[in-house]
Amino acid sequence: MSYVDEVIERVVRENPNEPEFHQAVKEVLESLRVVVDANEEKFRKDALLERLVNPERQFKFRVPWVDDKGQVQVNTGYRVQFNSAIGPYKGGLRLHPSVNLGIIKFLGFEQIFKNSLTGLPIGGGKGGSDFDPKGKSDREVMAFCQSFMTELCKYIGADTDVPAGDIGTGAREIGYMFGQYKRIRGVFEGVLTGKGLTYGGSLARTEATGYGLLYITEEMLKSKGMSMEGKTVVVSGAGNVATYAIQKAQQLGAKVVTCSDSTGWVYDPDGIDVAALKEIKEVKRARLTEYKNYRPNSEYHEGKGVWTVKADIALPCATQNELGIEDAKALVANGVIAVAEGANMPTTMEATEYLQKNGVFFLPGKAANAGGVATSALEMSQNSERLSWTFEEVDSKLKGIMVNIFHNLDDAAKKYGFEGNYVVGANIAGFEKVVDAMNAQGIV
Ligand code: NDP
């Protein structure tokens, strides 16, 4: 049995009930086969892949808090510190009822390669809780965040592990967590990114993942002699990534006709109104059913359906495994040119293969949504030098990073004979740097 197959089998055996983690490991190791096979003897002797797929450490903890009725609630908190070969652990905190250890491990594992691709000195980690901020009062969210941070603060720090936002963790949650960290540890330091602008946050961090997604998509299209100008785009999600992806796509001259949330989706033939979307989601924290009040010409549909709309570009920006094989078939039948992942692993492996086989340019999330973490790293730099850069400065650095990522993965794919396969390109480019650092640091 090949070394790659052996390690995949072992991961499945030793981590039961963690299907998302298995999926992420398989996807990465499958595409690294060409590199691993060429170095099989050395990698096997050093147990390199075993060390890569086992987190350096992981924490699971109780998070008790009191709701508005005086009832004590108990959630579970997680932080997985996956790999620190190239820098302090870095990765978001997800607050969603679906969160479990397997999901955090899949996200943390992907984060290693994503962070490496940015070219910045950040290792991979991820955390979160099964707490659901939806429908909770501000006081309840604060009570949860304070309790969560009371435990988490023992394991993180500006030079060790720097969490950020993710699904369910926005500016409000980061603020409450930062306040509690400072209160307990007594230090004002860049321990979290995605902070508010008045206390160490970076301009353009809010926009970074969505904007970065469009910068890399535009660069890929450019390499094919095309551009976003005049393209019709379908987007899923209505959160942070989706909102700013829609905004930047529009700035680049495209028309975005859909967005969605966990209950339904909107089709707006005149192009999504970003101001309305922000008011519904960021201010009112309401459902997309409200969108029709702002745009009477639009349609609201319950359930899933974004991928059935005819478009040139598809940008999944909601959650994992939201674009399956039937969705991929519908997109191809409608002549889609490119799919770029704003979310983490939104496309199933089967759907990814189908898209690639049918000539669709496919940019995987670990490259396409790396703008968020890259700008978080820029926030860390600003915190360290106690300065803040202008929006234009951060945005232009972000653009440079995304353009670089595209060329790195394009070159890696070509170097190993997989021209145009950006999944292989991204995994190899991310992997090579991490492996080099791991080898240099000995068996740790
Ligand atoms: P948000 O919480 O701001 O938005 C998530 C959106 O996806 C919401 O519209 C939400 O619907 C929808 N959604 C969440 N879960 C589901 C589900 N199970 N089924 C259908 N829809 C769902 O999160 P972000 O925009 O920050 O994150 C979106 C994705 O991007 C995630 O995969 C995240 O890991 C990834 N990502 C985020 C980065 C960032 O900087 N924020 C960086 C890199 C990746 P509703 O409004 O109903 O809650």
# chains A, B, ... in the order shown; residues from 1 in each chain; ligands from 1

$ residues_near_ligand --ligand "ligand 1" --cutoff "8 Å" --atoms "only C-alpha atoms and all ligand atoms" --output "MDAnalysis selection string"
chainID A and resid 92 94 96 98 107 134 164:170 205:206 208:210 236:243 260:263 281 285:288 317:320 322 342:346 365 369:373

$ residues_around --residues "region 73-88 of chain A" --least-positions-apart "4" --cutoff "7 Å" --atoms "only C-alpha atoms" --output "number ranges by chain"
A: 55-67, 104-105, 108-109, 112, 121-131, 148, 159-161, 434, 437-438

$ closest_residue --among "A:Gly303, A:Gln356, A:Ala314, A:Met1" --to "Phe418 (chain A)" --atoms "only C-alpha atoms"
A:Gln356

$ select_by_dssp --residues "region 153-249 of chain A" --states "helix (DSSP H, G or I)" --output "VMD selection string"
chain A and resid 171 to 185 197 to 199 205 to 223 240 to 249
